[in-house]
Structure formats: C-alpha cells, structure tokens
$ cat work18.csv   # CSV, C-alpha atoms
chain,number,residue,atom,x,y,z
A,1,LEU,CA,0.0,0.0,0.0
A,2,ILE,CA,1.2,3.5,-0.9
A,3,ALA,CA,-0.4,6.4,0.9
A,4,THR,CA,-1.7,9.1,-1.5
A,5,GLY,CA,-0.6,12.4,-1.3
A,6,SER,CA,25.3,4.3,4.0
A,7,GLU,CA,27.1,4.5,1.6
A,8,LEU,CA,27.5,0.9,0.3
A,9,GLU,CA,30.6,-0.9,-0.7
A,10,ILE,CA,30.4,-2.2,-4.2
A,11,THR,CA,31.1,-5.9,-4.5
A,12,LEU,CA,31.7,-8.2,-7.5
A,13,GLN,CA,28.0,-9.2,-7.3
A,14,ALA,CA,27.0,-5.5,-7.6
A,15,ALA,CA,29.6,-4.9,-10.4
A,16,GLU,CA,27.8,-7.6,-12.5
A,17,ASP,CA,24.8,-5.2,-12.6
A,18,LEU,CA,27.1,-2.5,-14.1
A,19,SER,CA,28.4,-4.5,-17.0
A,20,GLY,CA,27.5,-2.4,-20.1
A,21,ALA,CA,24.9,-0.4,-18.0
A,22,TRP,CA,26.7,2.8,-17.0
A,23,ARG,CA,26.6,5.8,-19.4
A,24,PRO,CA,27.8,9.3,-18.6
A,25,GLU,CA,24.2,10.7,-19.1
A,26,LEU,CA,23.1,8.6,-16.1
A,27,GLY,CA,25.2,10.8,-13.7
A,28,VAL,CA,22.5,13.3,-13.0
A,29,GLU,CA,22.8,15.7,-10.1
A,30,VAL,CA,20.8,15.1,-6.9
A,31,ASN,CA,19.2,18.1,-5.2
A,32,GLU,CA,19.0,17.8,-1.4
A,33,SER,CA,15.5,16.5,-0.5
A,34,LYS,CA,13.6,18.6,2.1
A,35,ASP,CA,10.2,16.9,1.6
A,36,ILE,CA,10.2,14.6,4.6
A,37,LYS,CA,6.6,14.0,5.8
A,38,GLU,CA,5.0,12.2,8.6
A,39,CYS,CA,3.5,9.0,7.4
A,40,PRO,CA,0.4,7.1,8.7
A,41,SER,CA,1.2,4.5,11.4
A,42,GLY,CA,2.8,1.4,9.9
A,43,SER,CA,4.3,3.2,6.8
A,44,LEU,CA,7.6,4.8,6.1
A,45,TRP,CA,8.6,7.8,3.9
A,46,VAL,CA,10.4,7.3,0.6
A,47,PRO,CA,11.9,10.7,-0.4
A,48,SER,CA,11.6,12.3,-3.8
A,49,GLY,CA,14.6,12.4,-6.1
A,50,PRO,CA,16.3,10.4,-8.9
A,51,PHE,CA,17.2,6.8,-8.8
A,52,LEU,CA,18.5,4.3,-11.4
A,53,MET,CA,15.8,1.9,-12.7
A,54,GLY,CA,16.5,-1.3,-14.5
A,55,SER,CA,19.4,-3.8,-14.8
A,56,ASN,CA,21.9,-5.1,-17.3
A,57,SER,CA,23.1,-8.0,-15.2
A,58,SER,CA,23.6,-11.5,-16.6
A,59,HIS,CA,20.4,-12.5,-14.7
A,60,ALA,CA,18.3,-9.7,-16.1
A,61,GLY,CA,15.5,-10.1,-18.6
A,62,ARG,CA,15.4,-8.0,-21.7
A,63,ASP,CA,12.4,-6.1,-20.2
A,64,GLU,CA,14.7,-4.7,-17.5
A,65,SER,CA,16.8,-2.5,-19.8
A,66,PRO,CA,18.0,0.0,-20.6
A,67,VAL,CA,19.1,1.3,-17.2
A,68,HIS,CA,17.8,4.8,-17.0
A,69,VAL,CA,17.1,7.7,-14.6
A,70,VAL,CA,13.7,8.0,-13.0
A,71,GLU,CA,12.5,10.6,-10.6
A,72,VAL,CA,9.4,10.0,-8.4
A,73,SER,CA,7.7,12.3,-5.9
A,74,GLY,CA,8.0,11.4,-2.3
A,75,PHE,CA,5.5,8.9,-0.8
A,76,CYS,CA,4.6,6.8,2.2
A,77,LEU,CA,4.8,3.0,1.7
A,78,ASP,CA,3.7,0.4,4.2
A,79,GLN,CA,6.7,-1.0,6.1
A,80,GLN,CA,5.4,-4.6,5.9
A,81,GLU,CA,3.3,-6.7,3.6
A,82,GLY,CA,-0.4,-6.3,3.9
A,83,ARG,CA,-2.3,-8.0,6.7
A,84,ASP,CA,-5.9,-8.5,7.7
A,85,GLU,CA,-7.5,-7.3,11.0
A,86,SER,CA,-6.1,-10.4,12.8
A,87,GLY,CA,-2.6,-9.7,11.7
A,88,GLN,CA,-2.4,-12.5,9.2
A,89,LEU,CA,-0.6,-12.0,5.9
A,90,LEU,CA,-2.9,-11.3,2.9
A,91,GLU,CA,-1.7,-14.1,0.7
A,92,GLY,CA,-3.1,-15.1,-2.7
A,93,LEU,CA,-5.0,-11.9,-3.4
A,94,SER,CA,-6.0,-11.1,-6.9
A,95,ARG,CA,-4.9,-7.8,-8.2
A,96,GLN,CA,-8.4,-6.4,-7.8
A,97,GLU,CA,-8.6,-7.6,-4.2
A,98,ALA,CA,-5.3,-5.8,-3.6
A,99,VAL,CA,-6.6,-2.6,-5.2
A,100,ASP,CA,-9.7,-2.8,-3.0
A,101,TYR,CA,-7.7,-3.4,0.1
A,102,CYS,CA,-5.6,-0.3,-0.6
A,103,GLU,CA,-8.6,1.9,-1.4
A,104,ARG,CA,-10.4,0.8,1.8
A,105,ARG,CA,-7.4,2.2,3.7
A,106,GLY,CA,-7.3,5.5,1.7
A,107,GLY,CA,-4.3,4.6,-0.5
A,108,ARG,CA,-3.4,2.8,-3.7
A,109,LEU,CA,-0.9,0.3,-5.0
A,110,PRO,CA,2.6,1.7,-5.8
A,111,THR,CA,3.6,2.2,-9.4
A,112,GLU,CA,6.3,-0.1,-10.7
A,113,ALA,CA,8.8,2.8,-10.5
A,114,GLU,CA,7.8,3.7,-6.9
A,115,TRP,CA,8.2,0.1,-5.8
A,116,GLU,CA,11.7,-0.1,-7.3
A,117,LYS,CA,12.7,3.3,-5.8
A,118,ALA,CA,11.7,1.9,-2.3
A,119,ALA,CA,13.6,-1.3,-2.9
A,120,ARG,CA,16.8,0.1,-4.5
A,121,GLY,CA,17.0,3.5,-2.9
A,122,GLY,CA,17.8,6.8,-4.5
A,123,CYS,CA,21.0,8.3,-5.9
A,124,GLU,CA,21.5,10.1,-2.6
A,125,LEU,CA,22.6,6.8,-1.0
A,126,GLY,CA,25.5,6.0,-3.3
A,127,SER,CA,29.2,6.8,-3.0
A,128,ASP,CA,28.5,10.3,-4.2
A,129,ALA,CA,25.4,11.8,-2.6
A,130,ARG,CA,25.3,14.7,-5.0
A,131,ARG,CA,24.8,12.7,-8.2
A,132,CYS,CA,23.8,9.3,-9.6
A,133,ASP,CA,26.8,7.0,-9.8
A,134,PRO,CA,27.5,3.3,-10.5
A,135,THR,CA,27.1,2.3,-6.8
A,136,ASP,CA,23.5,3.4,-7.0
A,137,LEU,CA,22.7,0.2,-9.0
A,138,ARG,CA,22.2,-1.8,-5.8
A,139,PRO,CA,20.9,-5.2,-6.9
A,140,TYR,CA,19.0,-6.1,-3.7
A,141,PRO,CA,17.0,-4.1,-1.0
A,142,TRP,CA,19.8,-4.7,1.5
A,143,GLY,CA,22.6,-3.8,-0.9
A,144,ALA,CA,25.0,-5.9,-2.8
A,145,ALA,CA,25.4,-9.1,-0.8
A,146,ALA,CA,23.9,-12.2,-2.4
A,147,PRO,CA,20.5,-13.4,-1.1
A,148,ASP,CA,20.5,-16.0,1.7
A,149,CYS,CA,17.8,-17.3,4.1
A,150,GLU,CA,18.6,-14.6,6.7
A,151,ARG,CA,17.9,-11.8,4.2
A,152,ALA,CA,14.9,-13.1,2.3
A,153,ASN,CA,12.4,-16.0,2.5
A,154,HIS,CA,12.9,-17.6,-0.9
A,155,GLN,CA,14.2,-20.7,-2.6
A,156,SER,CA,17.9,-20.2,-2.0
A,157,THR,CA,20.6,-21.2,-4.4
A,158,ALA,CA,23.4,-20.1,-2.1
A,159,SER,CA,24.7,-23.7,-1.7
A,160,GLY,CA,24.0,-24.7,-5.3
A,161,ARG,CA,20.9,-26.8,-5.3
A,162,PRO,CA,17.7,-24.7,-4.7
A,163,THR,CA,16.4,-25.1,-1.2
A,164,LEU,CA,13.4,-23.5,0.4
A,165,CYS,CA,14.3,-21.3,3.3
A,166,PHE,CA,10.8,-21.9,4.8
A,167,GLU,CA,7.8,-23.9,3.8
A,168,GLY,CA,5.5,-21.1,2.8
A,169,ALA,CA,5.2,-17.4,3.6
A,170,ARG,CA,6.6,-16.3,7.0
A,171,GLN,CA,4.3,-14.3,9.2
A,172,GLU,CA,7.2,-12.5,10.9
A,173,ALA,CA,9.4,-10.4,8.6
A,174,SER,CA,13.1,-10.8,8.7
A,175,ALA,CA,15.1,-8.1,10.4
A,176,LEU,CA,18.2,-8.5,8.3
A,177,GLY,CA,16.8,-7.9,4.8
A,178,ASP,CA,15.4,-4.4,5.2
A,179,GLY,CA,15.3,-2.1,2.3
A,180,PRO,CA,17.3,1.2,2.2
A,181,TYR,CA,14.4,3.2,3.8
A,182,GLY,CA,13.5,0.5,6.4
A,183,HIS,CA,10.8,-1.4,4.5
A,184,LYS,CA,10.6,-5.2,5.1
A,185,GLU,CA,10.2,-8.2,2.8
A,186,LEU,CA,10.6,-6.2,-0.4
A,187,ALA,CA,12.5,-9.3,-1.6
A,188,GLY,CA,10.9,-12.7,-1.0
A,189,ASN,CA,8.0,-14.0,1.1
A,190,LEU,CA,5.2,-12.8,-1.2
A,191,TRP,CA,5.1,-11.3,-4.7
A,192,GLU,CA,3.6,-7.8,-4.5
A,193,TRP,CA,1.2,-6.2,-7.0
A,194,THR,CA,1.9,-2.9,-8.6
A,195,GLN,CA,-0.4,-0.4,-10.3
A,196,ASP,CA,1.2,-0.8,-13.7
A,197,VAL,CA,0.1,-2.7,-16.8
A,198,TYR,CA,3.0,-4.7,-18.1
A,199,HIS,CA,4.8,-4.0,-21.4
A,200,PRO,CA,8.2,-5.5,-22.3
A,201,GLN,CA,9.5,-2.2,-23.6
A,202,THR,CA,8.2,0.1,-20.9
A,203,TYR,CA,11.7,1.6,-20.5
A,204,GLY,CA,11.8,2.8,-24.1
A,205,THR,CA,15.2,4.2,-25.3
A,206,GLY,CA,16.4,4.9,-21.8
A,207,MET,CA,15.5,8.6,-21.6
A,208,PRO,CA,14.8,10.0,-18.1
A,209,ARG,CA,11.3,9.6,-16.8
A,210,LEU,CA,9.3,11.5,-14.2
A,211,ASN,CA,6.6,9.7,-12.1
A,212,PRO,CA,6.1,7.1,-14.9
A,213,LEU,CA,3.2,4.8,-15.4
A,214,GLY,CA,2.9,1.7,-17.6
A,215,PRO,CA,0.5,1.5,-20.6
A,216,ALA,CA,-2.9,3.2,-20.2
A,217,SER,CA,-4.8,-0.1,-20.7
A,218,GLY,CA,-4.2,-3.8,-20.6
A,219,ASP,CA,-5.1,-6.9,-18.6
A,220,VAL,CA,-1.5,-8.1,-17.7
A,221,PHE,CA,-0.1,-6.4,-14.6
A,222,VAL,CA,3.4,-6.2,-13.0
A,223,LEU,CA,4.3,-8.0,-9.8
A,224,ARG,CA,7.6,-7.3,-8.0
A,225,GLY,CA,9.8,-8.7,-5.2
A,226,GLY,CA,9.7,-12.5,-5.4
A,227,GLY,CA,8.0,-15.0,-3.2
A,228,TRP,CA,8.8,-17.8,-0.8
A,229,ASN,CA,9.4,-20.3,-3.6
A,230,THR,CA,11.3,-17.9,-6.0
A,231,PHE,CA,14.9,-18.5,-6.9
A,232,SER,CA,17.7,-16.3,-5.6
A,233,THR,CA,18.3,-14.7,-9.0
A,234,ASN,CA,14.8,-13.3,-9.0
A,235,MET,CA,15.2,-11.5,-5.7
A,236,ARG,CA,16.8,-8.6,-7.6
A,237,ASN,CA,15.2,-5.1,-7.3
A,238,ALA,CA,14.9,-4.8,-11.0
A,239,ASN,CA,13.3,-8.2,-11.7
A,240,ARG,CA,9.8,-7.9,-13.4
A,241,PHE,CA,7.1,-10.5,-13.1
A,242,THR,CA,3.7,-10.6,-14.7
A,243,SER,CA,0.2,-11.8,-13.9
A,244,ASN,CA,0.5,-14.1,-17.0
A,245,LEU,CA,2.2,-16.5,-14.5
A,246,GLU,CA,0.0,-15.8,-11.5
A,247,GLY,CA,-0.2,-18.7,-9.1
$ encode --input "work18.csv" --output "structure tokens"
Amino acid sequence: LIATGSELEITLQAAEDLSGAWRPELGVEVNESKDIKECPSGSLWVPSGPFLMGSNSSHAGRDESPVHVVEVSGFCLDQQEGRDESGQLLEGLSRQEAVDYCERRGGRLPTEAEWEKAARGGCELGSDARRCDPTDLRPYPWGAAAPDCERANHQSTASGRPTLCFEGARQEASALGDGPYGHKELAGNLWEWTQDVYHPQTYGTGMPRLNPLGPASGDVFVLRGGGWNTFSTNMRNANRFTSNLEG
C-alpha cells in the first residue's frame, strides 16, 4: 500500500549489474530533498529524487533494460506486507482484491517505479550523494550481498541446489533484509502487486522519466519482489514478473 498524497561498498556481485549499463548521461545531479513528511502509522517515507531503474546484469531479462534515470515524488509506503485485521498476511490476493484493500485504507498500489525506488533507494545513497553513480545500482534491497535465508524468505541457491528457506510465507518479517528506507520483505516471502500494466518495452530508449506509469490499458499487470518459492536470481530489485504466470 502506498499512501496518497550508508554508503554501500560495491562488490563483485553488484559490479555484475554494471556491465554495459553505465553511461555518462546517467550521472544526473541530486538536489537535497527537504520533503520529509510524517506518514500514517505502519508506513515509512520514501523521499523524492532520482534513482537508477533497471538492470543489465547477466540474470536480467530484456524487459529490465536499458538502465535509466527515474524521478518520483516522495510517498509513504507500508513498512510490511499487507495483513488482515487479525494480523495474518494477505496471501493469494487477486490484483483487484489488492486494489480494493488499498482503497479501503485510503491509499493505492505503488507504481512499478515507486516500488523499485523503495527497494533500490535513490542516488543520494551511493558513493556520491550529489549525483547518480554506478554504486546506485544496488541489486537487492539490503545492498550488494547475495540473497540468503537470513535476508529473504525464498528458494535459496546459495549452496548450489535450490532449497526452500521456509515452507510457505513467513508471518514474521526478517530483520536482516530491510530495504534502504527501512521497509521489510521487499524481496521474497510474497510477490507484490503494482499499479502498472505490463509491457516488455516500458523503459523505451532509456530517456529519463518523471513519475512514470505503464501503458494506459491492458489486462496483464506487473508484480515485484519475489515469493517464498522464488529462486535467488529473481530476488533482484529490477526483476519484473507478470500476472500471466499468476499462481
């Protein structure tokens, strides 16, 4: 649900995301954000400003490129995945059910760009807080370290053969896999619906975008973040999934 209205050391894993991705025009300046707002209880602020969207890593699909600069307005995003009145995770919701849940609470689903901004973090978090730089292509919500069962509930490939971290969705969010602004379970546990209609060429030629939306119409929607039975390679911030494979 989105309410309306450390410097990280780069590793070889993160460097994989940079192969062929960095271009001088991506190095846009970052203006200091002064738009911090108080969010409703249970949600956290994601500041306005530019971030780098997409990936050119060896694990990325063609619909994740080109890497480009996106700027979104600041917003409040629930700190944890949705729950019912008894505190149980809302698992297996259709997209319409997710839309209805958000509207009942006075909000809406995040756009695909807003979701990735919350998961990756903005350019103010890289090695140069004044402009976008290669270290801003953080591949996971927690940074550059490869996924494991402490950081995300998924089907881990850390030891070679895929192994479930947990049989099903965990009710308690991991404390070690938090995103750059403090949000939990952005990777793993449950796939998360976004507002956008899916299109494989949403990112176009890689020109900068401001508060972007997907196509105006369509019946295939974007999910993000991975689930409890998703492989490690699909825990990446930039990974796009569609309702064509809903299950």
$ atom_distance --input "work18.csv" --atom1 "CA of Ala169 in chain A" --atom2 "CA of Val99 in chain A"
20.9 Å
$ atom_distance --input "work18.csv" --atom1 "CA of Glu64 in chain A" --atom2 "CA of Gly177 in chain A"
22.6 Å
$ residues_around --input "work18.csv" --residues "Glu112 in chain A" --least-positions-apart "2" --cutoff "10 Å" --atoms "all atoms listed in the file" --output "ChimeraX atom specification"
/A:53,109-110,114-117,193-198,211-214,221-224,238,240
$ residues_around --input "work18.csv" --residues "Trp142 in chain A" --least-positions-apart "4" --cutoff "8 Å" --atoms "all atoms listed in the file" --output "ChimeraX atom specification"
/A:151,176-180
$ write_last_selection --input "work18.csv" --atoms "C-alpha atoms" --output "CSV table (one decimal), in the frame of the given file"
chain,number,residue,atom,x,y,z
A,151,ARG,CA,17.9,-11.8,4.2
A,176,LEU,CA,18.2,-8.5,8.3
A,177,GLY,CA,16.8,-7.9,4.8
A,178,ASP,CA,15.4,-4.4,5.2
A,179,GLY,CA,15.3,-2.1,2.3
A,180,PRO,CA,17.3,1.2,2.2
$ closest_residue --input "work18.csv" --among "A:Ala146, A:Val67, A:Ala173, A:Cys39" --to "Leu190 in chain A" --atoms "all atoms listed in the file"
A:Ala173
$ atom_distance --input "work18.csv" --atom1 "CA of Arg62 in chain A" --atom2 "CA of Ala21 in chain A"
12.7 Å
$ residues_around --input "work18.csv" --residues "Glu29 in chain A" --least-positions-apart "4" --cutoff "9 Å" --atoms "all atoms listed in the file" --output "PyMOL selection string"
chain A and resi 50+123+129-132
$ closest_residue --input "work18.csv" --among "A:Thr230, A:Ser127, A:Glu192, A:Ser156" --to "Ser94 in chain A" --atoms "all atoms listed in the file"
A:Glu192
$ closest_residue --input "work18.csv" --among "A:Asp133, A:Asp100, A:Asp148, A:Asp63" --to "Thr163 in chain A" --atoms "all atoms listed in the file"
A:Asp148
$ closest_residue --input "work18.csv" --among "A:Val30, A:Arg104, A:Met207, A:Pro139" --to "Gly122 in chain A" --atoms "all atoms listed in the file"
A:Val30
$ residues_around --input "work18.csv" --residues "Gly49 in chain A" --least-positions-apart "3" --cutoff "9 Å" --atoms "all atoms listed in the file" --output "VMD selection string"
chain A and resid 30 to 33 70 to 74 122 to 124
$ closest_residue --input "work18.csv" --among "A:Ser65, A:Ala118, A:Ala60, A:Gly160" --to "Pro200 in chain A" --atoms "only C-alpha atoms"
A:Ser65
$ decode --input "work18.csv" --residues "range 104-168 of chain A" --atoms "C-alpha atoms" --output "PDB file, in the first residue's frame"
ATOM      1  CA  ARG A 104     -10.385   0.838   1.846  1.00  0.00           C
ATOM      2  CA  ARG A 105      -7.366   2.240   3.692  1.00  0.00           C
ATOM      3  CA  GLY A 106      -7.303   5.480   1.725  1.00  0.00           C
ATOM      4  CA  GLY A 107      -4.343   4.596  -0.462  1.00  0.00           C
ATOM      5  CA  ARG A 108      -3.383   2.802  -3.668  1.00  0.00           C
ATOM      6  CA  LEU A 109      -0.926   0.284  -5.049  1.00  0.00           C
ATOM      7  CA  PRO A 110       2.562   1.662  -5.777  1.00  0.00           C
ATOM      8  CA  THR A 111       3.605   2.169  -9.361  1.00  0.00           C
ATOM      9  CA  GLU A 112       6.346  -0.094 -10.663  1.00  0.00           C
ATOM     10  CA  ALA A 113       8.810   2.811 -10.452  1.00  0.00           C
ATOM     11  CA  GLU A 114       7.786   3.688  -6.890  1.00  0.00           C
ATOM     12  CA  TRP A 115       8.234   0.072  -5.819  1.00  0.00           C
ATOM     13  CA  GLU A 116      11.735  -0.112  -7.332  1.00  0.00           C
ATOM     14  CA  LYS A 117      12.701   3.250  -5.789  1.00  0.00           C
ATOM     15  CA  ALA A 118      11.700   1.939  -2.344  1.00  0.00           C
ATOM     16  CA  ALA A 119      13.622  -1.294  -2.923  1.00  0.00           C
ATOM     17  CA  ARG A 120      16.791   0.104  -4.526  1.00  0.00           C
ATOM     18  CA  GLY A 121      16.996   3.519  -2.928  1.00  0.00           C
ATOM     19  CA  GLY A 122      17.779   6.825  -4.538  1.00  0.00           C
ATOM     20  CA  CYS A 123      21.022   8.252  -5.856  1.00  0.00           C
ATOM     21  CA  GLU A 124      21.545  10.112  -2.576  1.00  0.00           C
ATOM     22  CA  LEU A 125      22.601   6.783  -1.017  1.00  0.00           C
ATOM     23  CA  GLY A 126      25.527   5.974  -3.318  1.00  0.00           C
ATOM     24  CA  SER A 127      29.208   6.790  -3.015  1.00  0.00           C
ATOM     25  CA  ASP A 128      28.466  10.336  -4.212  1.00  0.00           C
ATOM     26  CA  ALA A 129      25.354  11.772  -2.556  1.00  0.00           C
ATOM     27  CA  ARG A 130      25.344  14.690  -5.024  1.00  0.00           C
ATOM     28  CA  ARG A 131      24.775  12.690  -8.216  1.00  0.00           C
ATOM     29  CA  CYS A 132      23.812   9.284  -9.553  1.00  0.00           C
ATOM     30  CA  ASP A 133      26.829   6.973  -9.799  1.00  0.00           C
ATOM     31  CA  PRO A 134      27.483   3.269 -10.508  1.00  0.00           C
ATOM     32  CA  THR A 135      27.104   2.279  -6.848  1.00  0.00           C
ATOM     33  CA  ASP A 136      23.465   3.376  -7.037  1.00  0.00           C
ATOM     34  CA  LEU A 137      22.686   0.194  -8.996  1.00  0.00           C
ATOM     35  CA  ARG A 138      22.198  -1.784  -5.782  1.00  0.00           C
ATOM     36  CA  PRO A 139      20.875  -5.174  -6.888  1.00  0.00           C
ATOM     37  CA  TYR A 140      18.994  -6.065  -3.674  1.00  0.00           C
ATOM     38  CA  PRO A 141      17.022  -4.109  -1.046  1.00  0.00           C
ATOM     39  CA  TRP A 142      19.786  -4.670   1.519  1.00  0.00           C
ATOM     40  CA  GLY A 143      22.603  -3.772  -0.894  1.00  0.00           C
ATOM     41  CA  ALA A 144      25.031  -5.929  -2.842  1.00  0.00           C
ATOM     42  CA  ALA A 145      25.353  -9.122  -0.786  1.00  0.00           C
ATOM     43  CA  ALA A 146      23.866 -12.217  -2.404  1.00  0.00           C
ATOM     44  CA  PRO A 147      20.477 -13.429  -1.085  1.00  0.00           C
ATOM     45  CA  ASP A 148      20.452 -15.967   1.712  1.00  0.00           C
ATOM     46  CA  CYS A 149      17.817 -17.259   4.111  1.00  0.00           C
ATOM     47  CA  GLU A 150      18.558 -14.564   6.685  1.00  0.00           C
ATOM     48  CA  ARG A 151      17.886 -11.750   4.216  1.00  0.00           C
ATOM     49  CA  ALA A 152      14.885 -13.108   2.314  1.00  0.00           C
ATOM     50  CA  ASN A 153      12.416 -15.974   2.523  1.00  0.00           C
ATOM     51  CA  HIS A 154      12.867 -17.630  -0.876  1.00  0.00           C
ATOM     52  CA  GLN A 155      14.228 -20.709  -2.633  1.00  0.00           C
ATOM     53  CA  SER A 156      17.911 -20.180  -1.960  1.00  0.00           C
ATOM     54  CA  THR A 157      20.617 -21.210  -4.408  1.00  0.00           C
ATOM     55  CA  ALA A 158      23.437 -20.137  -2.076  1.00  0.00           C
ATOM     56  CA  SER A 159      24.650 -23.735  -1.711  1.00  0.00           C
ATOM     57  CA  GLY A 160      24.038 -24.729  -5.336  1.00  0.00           C
ATOM     58  CA  ARG A 161      20.862 -26.800  -5.314  1.00  0.00           C
ATOM     59  CA  PRO A 162      17.685 -24.703  -4.740  1.00  0.00           C
ATOM     60  CA  THR A 163      16.442 -25.122  -1.176  1.00  0.00           C
ATOM     61  CA  LEU A 164      13.383 -23.536   0.392  1.00  0.00           C
ATOM     62  CA  CYS A 165      14.266 -21.260   3.290  1.00  0.00           C
ATOM     63  CA  PHE A 166      10.823 -21.878   4.791  1.00  0.00           C
ATOM     64  CA  GLU A 167       7.802 -23.947   3.769  1.00  0.00           C
ATOM     65  CA  GLY A 168       5.486 -21.119   2.775  1.00  0.00           C
TER      66      GLY A 168
END
